[in-house]
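Participant: Got a structure here, written out as structure tokens. Questions coming.
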Amino acid sequence: MKMFKLPDFPAYYTLLDKLGWFALRFGSVAVLAFLLLPVVVIIPLSFSDSSFLAYPIEGWSLKWYREMFASDDWSRAAKNSFIVAPLATLLATALGTLAAMGLAHTKFFGKSFITGLLIAPMVVPIVVVAVSTYLYFARWGLNDSYLGLILVHAALGAPFVVTTVMATLQSFNQNLVKASLSLGASPLETFFRVTLPVIAPGVISGALFAFATSFDEVVVTLFLAGPEQVTLPRQMFTGIRENISPTIAAVATLLILFTTALMLTLEWLRGRRK
């Protein structure tokens, strides 16, 4: 019953202040429920034995999960997603970490411009990125290729790595680096044995954001991917447009669980960083 215990309001709180406190929390819970309801609703539909996405559910079955794992299209899409997303994450993490370290504790002309340029993919409309990349990659023959898709996904994920690592570096004690160098360690050895262990939570957080960005990306994939590079989000988009099947609900449920695991990992890392 402790979770339902009313807070001890300060003596100067008026009745209006107390009502505002309850209204704020009620509104927050209502907004959260409104946002999560569409996500929660799709999960029971994945266990329905009906061929249509409809309530009420008359019977329960795992056949849509069996169909998903038996389908060549969904298997190919899952394979492509787990090829593109990890490779794009590795590239984004490496480049984003190096960029953040170069920007965090140095001052030079044009630093603000370069920082804005690096995080531009976070604010530029994704369809603009997709069209411009498609036109540019066409000259180099990178459309309909894994390499082109990985490069674009890495560019979309790198800003998350840059921002999280730069935030971590703000509290990093540079005297640790100076001490390591004064004791004879090389800059590379200092980075891997001193700097990286300290900023690891920020690097991992940025990498998880980059992975989630790549794994969920569909607009760029629609422009750049060919039939052999279809990812899970694109396969879901195609299925919704052509033939709505409860198999999509099964895939969505697994993606919800996967994304939830990522968010819990991020929260755990945030606690570690504090």
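By order of appearance in the structure tokens: chains A, B, ..., then residues from 1 within every chain, and ligands from 1 in the order shown.
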Using only C-alpha atoms, which residues sit within 6 Å of range 72-85 of chain A once same-chain residues fewer than 3 positions away are excluded, as a PyMOL selection string?
Facilitator: chain A and resi 88-89+150+211+214-215+230-232
Participant: DSSP on the backbone: what in range 19-50 of chain A comes out helix (DSSP H, G or I), as a PyMOL selection string?
Facilitator: chain A and resi 19-45
Participant: Next, the residues of the selection above should be written as a tab-separated table (two decimals), in the first residue's frame with N, CA, C and O atoms.
Facilitator:
chain	number	residue	atom	x	y	z
A	19	LEU	N	-4.07	20.25	-6.02
A	19	LEU	CA	-4.84	19.81	-7.18
A	19	LEU	C	-3.98	19.84	-8.44
A	19	LEU	O	-4.09	18.96	-9.30
A	20	GLY	N	-3.13	20.84	-8.55
A	20	GLY	CA	-2.22	20.90	-9.70
A	20	GLY	C	-1.26	19.73	-9.71
A	20	GLY	O	-0.94	19.18	-10.78
A	21	TRP	N	-0.78	19.31	-8.52
A	21	TRP	CA	0.13	18.17	-8.43
A	21	TRP	C	-0.55	16.91	-8.95
A	21	TRP	O	0.03	16.16	-9.74
A	22	PHE	N	-1.80	16.67	-8.51
A	22	PHE	CA	-2.53	15.49	-8.96
A	22	PHE	C	-2.87	15.58	-10.45
A	22	PHE	O	-2.81	14.58	-11.17
A	23	ALA	N	-3.23	16.79	-10.93
A	23	ALA	CA	-3.58	16.96	-12.34
A	23	ALA	C	-2.39	16.68	-13.24
A	23	ALA	O	-2.52	16.07	-14.30
A	24	LEU	N	-1.21	17.14	-12.82
A	24	LEU	CA	0.01	16.90	-13.60
A	24	LEU	C	0.30	15.42	-13.73
A	24	LEU	O	0.60	14.92	-14.82
A	25	ARG	N	0.20	14.70	-12.67
A	25	ARG	CA	0.49	13.26	-12.71
A	25	ARG	C	-0.58	12.49	-13.45
A	25	ARG	O	-0.29	11.55	-14.18
A	26	PHE	N	-1.82	12.89	-13.27
A	26	PHE	CA	-2.89	12.23	-14.01
A	26	PHE	C	-2.73	12.49	-15.51
A	26	PHE	O	-2.90	11.57	-16.33
A	27	GLY	N	-2.40	13.72	-15.88
A	27	GLY	CA	-2.19	14.02	-17.29
A	27	GLY	C	-1.01	13.26	-17.88
A	27	GLY	O	-1.07	12.78	-19.01
A	28	SER	N	0.06	13.13	-17.09
A	28	SER	CA	1.24	12.39	-17.57
A	28	SER	C	0.90	10.92	-17.81
A	28	SER	O	1.29	10.34	-18.84
A	29	VAL	N	0.17	10.32	-16.89
A	29	VAL	CA	-0.23	8.92	-17.04
A	29	VAL	C	-1.17	8.76	-18.23
A	29	VAL	O	-1.07	7.80	-19.01
A	30	ALA	N	-2.08	9.72	-18.43
A	30	ALA	CA	-3.03	9.65	-19.54
A	30	ALA	C	-2.30	9.74	-20.88
A	30	ALA	O	-2.60	8.99	-21.82
A	31	VAL	N	-1.34	10.66	-20.99
A	31	VAL	CA	-0.57	10.79	-22.23
A	31	VAL	C	0.24	9.54	-22.50
A	31	VAL	O	0.30	9.04	-23.64
A	32	LEU	N	0.87	8.99	-21.45
A	32	LEU	CA	1.66	7.77	-21.61
A	32	LEU	C	0.78	6.61	-22.06
A	32	LEU	O	1.16	5.82	-22.95
A	33	ALA	N	-0.40	6.49	-21.47
A	33	ALA	CA	-1.32	5.42	-21.86
A	33	ALA	C	-1.78	5.60	-23.31
A	33	ALA	O	-1.90	4.62	-24.05
A	34	PHE	N	-2.03	6.84	-23.70
A	34	PHE	CA	-2.46	7.11	-25.07
A	34	PHE	C	-1.39	6.71	-26.08
A	34	PHE	O	-1.69	6.19	-27.16
A	35	LEU	N	-0.13	6.95	-25.74
A	35	LEU	CA	0.97	6.62	-26.64
A	35	LEU	C	1.24	5.12	-26.68
A	35	LEU	O	1.62	4.57	-27.72
A	36	LEU	N	1.07	4.45	-25.55
A	36	LEU	CA	1.39	3.02	-25.47
A	36	LEU	C	0.24	2.12	-25.91
A	36	LEU	O	0.47	0.96	-26.26
A	37	LEU	N	-0.98	2.63	-25.90
A	37	LEU	CA	-2.13	1.79	-26.23
A	37	LEU	C	-2.03	1.15	-27.61
A	37	LEU	O	-2.28	-0.07	-27.74
A	38	PRO	N	-1.66	1.88	-28.68
A	38	PRO	CA	-1.54	1.21	-29.99
A	38	PRO	C	-0.49	0.10	-30.00
A	38	PRO	O	-0.63	-0.88	-30.75
A	39	VAL	N	0.55	0.27	-29.18
A	39	VAL	CA	1.59	-0.75	-29.11
A	39	VAL	C	1.08	-1.99	-28.41
A	39	VAL	O	1.32	-3.13	-28.83
A	40	VAL	N	0.36	-1.78	-27.31
A	40	VAL	CA	-0.15	-2.90	-26.53
A	40	VAL	C	-1.24	-3.66	-27.29
A	40	VAL	O	-1.33	-4.89	-27.22
A	41	VAL	N	-2.06	-2.93	-28.05
A	41	VAL	CA	-3.18	-3.55	-28.75
A	41	VAL	C	-2.71	-4.55	-29.78
A	41	VAL	O	-3.37	-5.58	-30.02
A	42	ILE	N	-1.57	-4.31	-30.41
A	42	ILE	CA	-1.12	-5.17	-31.51
A	42	ILE	C	-0.63	-6.54	-31.00
A	42	ILE	O	-0.65	-7.52	-31.74
A	43	ILE	N	-0.22	-6.61	-29.73
A	43	ILE	CA	0.36	-7.85	-29.22
A	43	ILE	C	-0.66	-9.00	-29.18
A	43	ILE	O	-0.38	-10.09	-29.69
A	44	PRO	N	-1.86	-8.82	-28.61
A	44	PRO	CA	-2.83	-9.94	-28.62
A	44	PRO	C	-3.22	-10.37	-30.03
A	44	PRO	O	-3.51	-11.56	-30.26
A	45	LEU	N	-3.24	-9.42	-30.99
A	45	LEU	CA	-3.61	-9.79	-32.36
A	45	LEU	C	-2.63	-10.77	-32.99
A	45	LEU	O	-3.01	-11.54	-33.87
Participant: Skipping near chain neighbours, those fewer than 6 positions away, what residues fall within 10 Å of Ala167 in chain A using only C-alpha atoms, listed as an mmCIF file with N, CA, C and O atoms, in the first residue's frame?
Facilitator:
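Written out: result-v4.cif:
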data_model
loop_
_atom_site.group_PDB
_atom_site.id
_atom_site.type_symbol
_atom_site.label_atom_id
_atom_site.label_comp_id
_atom_site.auth_asym_id
_atom_site.auth_seq_id
_atom_site.Cartn_x
_atom_site.Cartn_y
_atom_site.Cartn_z
ATOM 1 N N ALA A 100 33.572 12.998 -31.704
ATOM 2 C CA ALA A 100 33.250 13.603 -30.410
ATOM 3 C C ALA A 100 34.513 13.934 -29.622
ATOM 4 O O ALA A 100 34.602 15.003 -28.988
ATOM 5 N N ALA A 104 35.277 17.729 -28.399
ATOM 6 C CA ALA A 104 34.931 17.975 -26.999
ATOM 7 C C ALA A 104 35.873 18.958 -26.311
ATOM 8 O O ALA A 104 35.435 19.872 -25.623
ATOM 9 N N VAL A 161 25.746 8.991 -31.580
ATOM 10 C CA VAL A 161 27.007 8.663 -30.916
ATOM 11 C C VAL A 161 27.759 9.941 -30.563
ATOM 12 O O VAL A 161 28.310 10.074 -29.458
ATOM 13 N N ILE A 199 34.505 6.498 -20.638
ATOM 14 C CA ILE A 199 33.396 6.996 -21.467
ATOM 15 C C ILE A 199 32.590 5.857 -22.080
ATOM 16 O O ILE A 199 31.696 6.109 -22.895
ATOM 17 N N GLY A 202 28.687 6.132 -22.327
ATOM 18 C CA GLY A 202 28.227 7.028 -23.376
ATOM 19 C C GLY A 202 28.391 6.420 -24.761
ATOM 20 O O GLY A 202 27.524 6.581 -25.626
#
Participant: Point out the residue among A:Asp17, A:Val131, A:Ser48, A:Trp60 with the least atom-to-atom distance to Ala249 in chain A, counting only C-alpha atoms.
Facilitator: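 Counting only C-alpha atoms, the residue closest to Ala249 in chain A is A:Ser48.
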Participant: When you count only C-alpha atoms, which of these residues is closest to Ser171 in chain A: A:Gly148, A:Leu15, A:His105, A:Asp216?
Facilitator: A:His105
